[in-house]
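Colleague: Structure: my_file18.csv, CSV, C-alpha atoms.
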chain,number,residue,atom,x,y,z
A,1,MET,CA,34.6,5.1,1.7
A,2,ASP,CA,35.0,2.9,4.7
A,3,VAL,CA,32.7,0.1,6.0
A,4,LEU,CA,32.5,-1.0,9.6
A,5,SER,CA,30.7,-4.2,10.6
A,6,PRO,CA,29.7,-4.2,14.3
A,7,ARG,CA,28.9,-7.5,16.0
A,8,SER,CA,26.4,-6.2,18.4
A,9,LEU,CA,23.7,-3.5,18.7
A,10,ARG,CA,25.7,-1.8,21.5
A,11,GLU,CA,28.7,-1.6,19.2
A,12,ALA,CA,26.6,-0.3,16.3
A,13,LEU,CA,25.1,2.4,18.4
A,14,GLN,CA,28.5,3.5,19.7
A,15,ILE,CA,29.8,3.8,16.1
A,16,LYS,CA,26.7,5.9,15.2
A,17,ALA,CA,27.3,8.1,18.2
A,18,GLU,CA,30.9,8.7,17.2
A,19,HIS,CA,30.1,9.1,13.5
A,20,PRO,CA,26.6,10.8,13.1
A,21,ASP,CA,27.1,11.0,9.3
A,22,ALA,CA,27.6,7.2,8.9
A,23,VAL,CA,25.0,5.4,6.9
A,24,PRO,CA,23.6,2.2,8.4
A,25,ILE,CA,22.8,-0.5,5.8
A,26,GLN,CA,21.5,-4.1,6.0
A,27,GLY,CA,20.5,-5.3,2.6
A,28,GLY,CA,21.9,-2.1,1.0
A,29,THR,CA,19.5,-2.4,-2.0
A,30,ASP,CA,18.8,1.4,-2.1
A,31,MET,CA,22.3,2.5,-1.2
A,32,MET,CA,23.9,0.3,-3.9
A,33,VAL,CA,21.8,2.1,-6.5
A,34,ALA,CA,22.8,5.5,-5.1
A,35,LEU,CA,26.4,4.5,-5.2
A,36,ASN,CA,26.3,3.1,-8.7
A,37,PHE,CA,24.7,6.2,-10.1
A,38,ASP,CA,27.0,8.5,-8.0
A,39,ARG,CA,24.0,10.0,-6.1
A,40,ALA,CA,25.6,9.4,-2.8
A,41,ARG,CA,29.1,8.8,-1.5
A,42,PRO,CA,29.1,8.6,2.3
A,43,GLU,CA,32.5,8.4,4.0
A,44,LEU,CA,31.4,5.6,6.3
A,45,LEU,CA,28.9,2.7,5.9
A,46,VAL,CA,27.8,0.7,9.0
A,47,ASN,CA,27.0,-2.9,7.9
A,48,LEU,CA,24.4,-4.2,10.3
A,49,ASN,CA,24.2,-7.8,9.0
A,50,GLU,CA,26.1,-9.2,11.9
A,51,VAL,CA,23.8,-7.6,14.5
A,52,GLU,CA,21.7,-10.5,15.9
A,53,GLU,CA,19.4,-8.2,17.8
A,54,LEU,CA,17.9,-6.8,14.5
A,55,ARG,CA,16.9,-10.2,13.0
A,56,GLY,CA,13.6,-12.0,12.8
A,57,TRP,CA,10.3,-11.4,14.5
A,58,ALA,CA,8.6,-12.4,17.6
A,59,ARG,CA,5.2,-12.4,19.4
A,60,ASP,CA,4.9,-10.7,22.8
A,61,ASN,CA,1.6,-10.6,24.7
A,62,GLY,CA,-0.5,-10.3,21.5
A,63,THR,CA,1.8,-7.8,19.8
A,64,LEU,CA,4.4,-8.4,17.1
A,65,ARG,CA,7.9,-7.2,17.0
A,66,LEU,CA,9.5,-7.1,13.5
A,67,GLY,CA,13.2,-6.7,13.7
A,68,ALA,CA,14.6,-4.0,11.4
A,69,GLY,CA,16.6,-6.8,9.6
A,70,LEU,CA,13.5,-8.7,8.6
A,71,THR,CA,13.6,-9.4,4.9
A,72,TYR,CA,10.8,-9.3,2.4
A,73,THR,CA,11.2,-13.0,1.8
A,74,GLU,CA,10.8,-13.7,5.5
A,75,ALA,CA,7.6,-11.6,5.6
A,76,MET,CA,6.3,-13.6,2.6
A,77,HIS,CA,7.0,-17.2,3.7
A,78,SER,CA,7.0,-17.4,7.5
A,79,ASP,CA,4.0,-17.7,9.8
A,80,LEU,CA,4.2,-13.9,9.8
A,81,ALA,CA,2.3,-13.9,6.5
A,82,ASP,CA,-0.7,-15.3,8.3
A,83,GLU,CA,-0.5,-12.5,10.9
A,84,LEU,CA,0.0,-9.7,8.4
A,85,PRO,CA,-1.3,-10.8,5.0
A,86,ALA,CA,-1.2,-7.3,3.5
A,87,LEU,CA,2.5,-7.0,4.3
A,88,ALA,CA,3.1,-10.4,2.7
A,89,GLU,CA,1.3,-9.3,-0.4
A,90,ALA,CA,3.3,-6.1,-0.6
A,91,SER,CA,6.6,-8.1,0.0
A,92,ARG,CA,5.8,-10.3,-3.1
A,93,THR,CA,5.7,-7.2,-5.3
A,94,VAL,CA,9.2,-5.9,-4.3
A,95,GLY,CA,11.9,-6.2,-6.9
A,96,SER,CA,13.3,-9.6,-7.8
A,97,PRO,CA,14.0,-12.7,-5.6
A,98,GLN,CA,17.5,-11.3,-5.0
A,99,ILE,CA,16.1,-8.0,-3.8
A,100,ARG,CA,13.5,-9.7,-1.6
A,101,ASN,CA,16.2,-11.9,0.0
A,102,ARG,CA,18.3,-8.9,0.9
A,103,GLY,CA,15.9,-5.9,1.3
A,104,THR,CA,14.6,-5.3,4.8
A,105,ILE,CA,11.7,-3.6,6.6
A,106,GLY,CA,14.2,-1.4,8.4
A,107,GLY,CA,15.7,-0.3,5.1
A,108,ASN,CA,12.3,0.6,3.7
A,109,LEU,CA,11.6,2.7,6.8
A,110,GLY,CA,15.1,4.3,6.8
A,111,THR,CA,14.8,5.3,3.1
A,112,ALA,CA,11.3,6.7,3.8
A,113,SER,CA,10.4,6.8,0.1
A,114,PRO,CA,6.8,7.7,-0.7
A,115,ALA,CA,6.8,4.5,-2.8
A,116,GLY,CA,8.1,2.2,-0.1
A,117,ASP,CA,6.0,-0.9,-0.5
A,118,ALA,CA,6.1,-2.0,3.2
A,119,LEU,CA,4.9,1.3,4.5
A,120,PRO,CA,1.1,1.2,3.7
A,121,PRO,CA,0.6,-2.3,5.2
A,122,LEU,CA,2.3,-1.2,8.4
A,123,LEU,CA,0.4,2.1,8.6
A,124,VAL,CA,-3.0,0.4,8.4
A,125,GLU,CA,-2.0,-1.8,11.4
A,126,GLY,CA,-0.9,1.1,13.5
A,127,ALA,CA,2.8,0.3,13.7
A,128,ASP,CA,5.3,2.1,15.9
A,129,VAL,CA,9.0,2.4,15.0
A,130,GLU,CA,11.5,1.5,17.7
A,131,VAL,CA,14.7,3.5,17.4
A,132,ALA,CA,17.8,3.5,19.6
A,133,SER,CA,21.0,5.4,20.4
A,134,VAL,CA,23.5,5.4,23.2
A,135,ARG,CA,21.1,7.8,24.9
A,136,GLY,CA,18.3,5.2,25.1
A,137,GLU,CA,15.4,3.9,23.1
A,138,ARG,CA,12.1,5.4,22.0
A,139,ARG,CA,9.0,4.5,19.9
A,140,ILE,CA,7.5,6.7,17.2
A,141,PRO,CA,4.2,6.1,15.5
A,142,LEU,CA,4.9,5.4,11.9
A,143,ASP,CA,2.7,8.3,10.6
A,144,GLU,CA,4.9,10.6,12.7
A,145,PHE,CA,8.2,8.8,11.7
A,146,LEU,CA,7.6,9.6,8.0
A,147,VAL,CA,8.1,13.4,7.8
A,148,GLY,CA,8.8,14.0,4.0
A,149,VAL,CA,10.1,12.7,0.8
A,150,LYS,CA,12.9,10.4,1.9
A,151,LYS,CA,13.0,12.0,5.3
A,152,ASN,CA,12.3,10.4,8.6
A,153,ALA,CA,12.3,11.4,12.3
A,154,LEU,CA,15.6,9.7,13.2
A,155,ALA,CA,18.1,11.7,15.1
A,156,ASP,CA,21.6,11.7,13.8
A,157,ASP,CA,22.8,9.2,16.3
A,158,GLU,CA,19.8,6.8,16.1
A,159,ILE,CA,19.3,3.5,14.4
A,160,ILE,CA,16.0,1.7,13.5
A,161,ILE,CA,15.7,-1.3,15.7
A,162,ALA,CA,12.2,-2.8,15.1
A,163,VAL,CA,8.6,-2.2,14.3
A,164,HIS,CA,5.9,-3.0,16.9
A,165,LEU,CA,2.2,-3.5,16.1
A,166,TYR,CA,-0.9,-5.3,17.3
A,167,PRO,CA,-2.2,-7.4,14.4
A,168,SER,CA,-5.9,-6.7,13.8
A,169,GLY,CA,-6.6,-10.1,12.4
A,170,GLN,CA,-9.1,-8.4,10.2
A,171,PRO,CA,-9.6,-8.8,6.4
A,172,GLN,CA,-6.9,-6.9,4.6
A,173,THR,CA,-5.1,-6.6,1.2
A,174,PHE,CA,-2.5,-4.7,-0.7
A,175,MET,CA,-2.6,-3.6,-4.3
A,176,LYS,CA,-0.2,-1.8,-6.5
A,177,VAL,CA,-0.2,-0.1,-10.0
A,178,GLY,CA,2.9,-0.1,-12.2
A,179,PRO,CA,3.9,-0.4,-15.8
A,180,ARG,CA,4.3,-4.1,-15.2
A,181,ASN,CA,3.8,-6.6,-12.5
A,182,ALA,CA,7.3,-6.9,-11.1
A,183,MET,CA,10.6,-5.1,-10.9
A,184,VAL,CA,8.9,-1.7,-10.8
A,185,ILE,CA,8.4,1.3,-8.5
A,186,ALA,CA,4.8,1.8,-7.8
A,187,VAL,CA,2.8,4.5,-9.7
A,188,CYS,CA,0.6,4.2,-6.7
A,189,SER,CA,0.0,1.5,-4.0
A,190,LEU,CA,-2.7,0.8,-1.4
A,191,ALA,CA,-3.3,-1.3,1.7
A,192,VAL,CA,-6.8,-1.6,3.1
A,193,VAL,CA,-8.1,-3.2,6.3
A,194,ALA,CA,-11.8,-3.7,7.0
A,195,ASP,CA,-11.9,-3.8,10.8
A,196,ARG,CA,-15.3,-5.1,11.8
A,197,GLU,CA,-14.3,-5.2,15.5
A,198,ARG,CA,-13.6,-1.5,15.6
A,199,GLY,CA,-16.2,-0.7,12.9
A,200,GLU,CA,-13.5,1.1,10.9
A,201,LEU,CA,-12.0,1.1,7.4
A,202,ARG,CA,-8.4,1.9,7.2
A,203,ALA,CA,-6.4,2.6,4.0
A,204,ALA,CA,-2.9,3.7,3.5
A,205,PHE,CA,-1.5,4.7,0.1
A,206,GLY,CA,2.0,5.2,-1.4
A,207,SER,CA,3.5,7.1,-4.3
A,208,SER,CA,0.7,9.7,-4.1
A,209,ALA,CA,1.9,12.2,-1.5
A,210,PRO,CA,5.2,13.2,0.0
A,211,THR,CA,4.8,10.4,2.5
A,212,ALA,CA,2.7,7.3,2.7
A,213,ARG,CA,-0.6,8.4,4.3
A,214,LEU,CA,-3.3,6.8,6.4
A,215,VAL,CA,-7.1,7.4,5.8
A,216,THR,CA,-9.9,6.1,8.1
A,217,SER,CA,-13.6,6.0,7.9
A,218,PRO,CA,-16.5,4.3,9.7
A,219,ILE,CA,-17.2,1.0,8.1
A,220,ASP,CA,-20.8,1.9,7.4
A,221,GLU,CA,-19.5,4.7,5.1
A,222,ALA,CA,-17.8,2.3,2.7
A,223,ASP,CA,-19.7,3.8,-0.3
A,224,GLY,CA,-17.8,7.1,-0.1
A,225,PHE,CA,-14.5,5.6,1.1
A,226,ALA,CA,-12.8,5.5,-2.4
A,227,ASP,CA,-13.4,9.2,-2.8
A,228,ARG,CA,-12.1,10.0,0.7
A,229,VAL,CA,-8.9,8.1,-0.1
A,230,ALA,CA,-8.4,9.9,-3.4
A,231,ASP,CA,-9.1,13.3,-1.9
A,232,ALA,CA,-6.5,12.7,0.8
A,233,ALA,CA,-3.8,12.2,-1.8
A,234,ALA,CA,-1.4,14.9,-3.0
A,235,PRO,CA,0.1,13.3,-6.1
A,236,ILE,CA,2.5,14.9,-8.6
A,237,ASP,CA,3.1,14.4,-12.3
A,238,ASP,CA,6.3,12.5,-13.0
A,239,VAL,CA,7.7,10.0,-15.5
A,240,ARG,CA,5.7,7.2,-14.0
A,241,GLY,CA,2.3,8.8,-14.1
A,242,THR,CA,0.2,12.0,-13.8
A,243,ALA,CA,-1.5,13.3,-10.7
A,244,VAL,CA,-4.9,12.8,-12.3
A,245,TYR,CA,-4.1,9.2,-13.1
A,246,ARG,CA,-2.9,8.5,-9.6
A,247,ARG,CA,-6.1,9.9,-8.1
A,248,HIS,CA,-8.2,7.8,-10.5
A,249,ALA,CA,-6.1,4.7,-9.8
A,250,LEU,CA,-6.5,5.1,-6.0
A,251,ARG,CA,-10.3,5.3,-6.4
A,252,VAL,CA,-10.3,2.1,-8.5
A,253,LEU,CA,-7.9,0.3,-6.1
A,254,THR,CA,-9.9,1.3,-3.1
A,255,ARG,CA,-13.1,-0.1,-4.6
A,256,ARG,CA,-11.4,-3.3,-5.5
A,257,ALA,CA,-9.8,-3.7,-2.1
A,258,LEU,CA,-13.2,-3.1,-0.4
A,259,GLU,CA,-14.8,-5.8,-2.5
A,260,ARG,CA,-12.1,-8.2,-1.3
A,261,CYS,CA,-12.2,-7.2,2.4
A,262,LEU,CA,-15.9,-6.8,2.8
A,263,ALA,CA,-16.9,-9.9,0.9
Take the structure in this file and express it as structure tokens.
Modeller:
Amino acid sequence: MDVLSPRSLREALQIKAEHPDAVPIQGGTDMMVALNFDRARPELLVNLNEVEELRGWARDNGTLRLGAGLTYTEAMHSDLADELPALAEASRTVGSPQIRNRGTIGGNLGTASPAGDALPPLLVEGADVEVASVRGERRIPLDEFLVGVKKNALADDEIIIAVHLYPSGQPQTFMKVGPRNAMVIAVCSLAVVADRERGELRAAFGSSAPTARLVTSPIDEADGFADRVADAAAPIDDVRGTAVYRRHALRVLTRRALERCLA
């Protein structure tokens, strides 16, 4: 297995065009697990840590651009936490400090796990995913980018560049159920926004369907929103929980989230 470390986005895209099967990594937190358990053995890894264009975040005419290399620690502790509090809450639940220091938003998107903790907070804020190749750039709504269990809409020669969204500035929160409070994959997770400006409730859940899913409702129908969220789920039975339990937990989390956001 070889590793290439491009120094610019242009170089990274050229490598991906020449080697469509190459796997881009930044923190590598998911890939290292796959390698250690012999679940994957790609011939080529593309280390994106030296690509400056993927780092950090910025404001642009009221929108936010989150670079694919933004770490969970940066989402927790920077001014970004004030702009996207649900994402900050979700980031605090990810792994250990070491994982939060290395793991990135782009990696969560690329893995496209139904349990990805960053996905529900980004869904409720209407995020678009910016991807690029030597052919050019395009933006994909996040709910269209996630196409199945650990499957996304990337073409073979594309790399995730950034996430774009317009922060609602509305009350929001993130909650997660697991066997313990840290170092755990979610049994189910939930982000909720109570958007009074648009008169809308938005919830997105993880670990309860093949992809993270978004559910919306008029804000004056809050009483039935927990049932609507649970009904939108398509959970399975696995070692972490049953489908029945996941639906029940989503109802409970939604009610608790609404209490916070509508207080």
Colleague: Given all atoms listed in the file as the basis, pick out the residue of A:Val46, A:Ala162, A:Ala232, A:Leu253 nearest to Cys188 in chain A.
Modeller: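 Nearest to Cys188 in chain A: A:Leu253.
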Colleague: So the first atom is CA of Ala212 in chain A and the second is CA of Pro167 in chain A; what is the distance between them in Å, to one decimal place?
Modeller: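 Separation between CA of Ala212 in chain A and CA of Pro167 in chain A: 19.4 Å.
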Colleague: Would you mind reading off the distance between CA of Arg228 in chain A and CA of Leu258 in chain A, one decimal, in Å?
Modeller: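 Atom-to-atom, CA of Arg228 in chain A and CA of Leu258 in chain A are spaced 13.2 Å apart.
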Colleague: Tell me which of A:Arg39, A:Ala186, A:Phe205, A:Val177 sits closest to Ala249 in chain A, counting all atoms listed in the file.
Modeller: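 The shortest atom-to-atom distance to Ala249 in chain A comes from A:Val177.
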Colleague: Just how far from CA of Val252 in chain A is CA of Glu197 in chain A, in Å to one decimal?
Modeller: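 Separation of CA of Glu197 in chain A and CA of Val252 in chain A: 25.4 Å.
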Colleague: Please provide as a count of residues only all residues within 10 Å of Leu80 in chain A, with the sequence filter that same-chain residues fewer than 5 positions apart are discarded (counting all atoms listed in the file).
Modeller: 10
Colleague: Hey, which of A:Arg138, A:Arg92, A:Arg247, A:Arg102 ends up closest to Gly69 in chain A? Count all atoms listed in the file.
Modeller: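 Closest candidate: A:Arg102.
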Colleague: Find the residues of range 166-249 of chain A that sit at most 10 Å from range 117-137 of chain A; for each, write down the nearest two atoms and how far apart they are in Å, to one decimal. Count all atoms listed in the file. Sort by chain, then by number going up, and give it as a tab-separated table.
Modeller:
residue	atom	partner	partner_atom	distance
A:Tyr166	CA	A:Glu125	CA	6.9
A:Pro167	CA	A:Glu125	CA	6.4
A:Ser168	CA	A:Glu125	CA	6.7
A:Gly169	CA	A:Glu125	CA	9.5
A:Gln170	CA	A:Glu125	CA	9.8
A:Gln172	CA	A:Pro121	CA	8.8
A:Thr173	CA	A:Pro121	CA	8.2
A:Phe174	CA	A:Pro121	CA	7.1
A:Met175	CA	A:Asp117	CA	9.8
A:Lys176	CA	A:Asp117	CA	8.7
A:Ile185	CA	A:Asp117	CA	8.6
A:Ala186	CA	A:Asp117	CA	7.9
A:Cys188	CA	A:Asp117	CA	9.7
A:Ser189	CA	A:Asp117	CA	7.3
A:Leu190	CA	A:Pro120	CA	6.4
A:Ala191	CA	A:Pro121	CA	5.3
A:Val192	CA	A:Val124	CA	6.8
A:Val193	CA	A:Val124	CA	6.6
A:Ala194	CA	A:Val124	CA	9.8
A:Leu201	CA	A:Val124	CA	9.1
A:Arg202	CA	A:Val124	CA	5.7
A:Ala203	CA	A:Val124	CA	6.0
A:Ala204	CA	A:Pro120	CA	4.7
A:Phe205	CA	A:Pro120	CA	5.7
A:Gly206	CA	A:Pro120	CA	6.5
A:Ser207	CA	A:Asp117	CA	9.2
A:Thr211	CA	A:Leu119	CA	9.3
A:Ala212	CA	A:Pro120	CA	6.4
A:Arg213	CA	A:Pro120	CA	7.4
A:Leu214	CA	A:Leu123	CA	6.4
A:Val215	CA	A:Val124	CA	8.5
A:Thr216	CA	A:Val124	CA	9.0
Colleague: Might you pull out every residue within 12 Å of Asp21 in chain A, with all atoms listed in the file counted and same-chain residues fewer than 6 positions away left off, and present them as a list in words?
Modeller: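 Final neighbour list, sorted by chain and number: Ile15, Arg41, Pro42, Glu43, Leu44, Leu45, Val46, Ala155, Asp156, Asp157, Glu158 and Ile159 of chain A.
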Colleague: Tell me which of A:Ala115, A:Ile161, A:Ala234, A:Leu109 sits closest to Leu146 in chain A, counting only C-alpha atoms.
Modeller: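 So, comparing all the options, the nearest one is A:Leu109.
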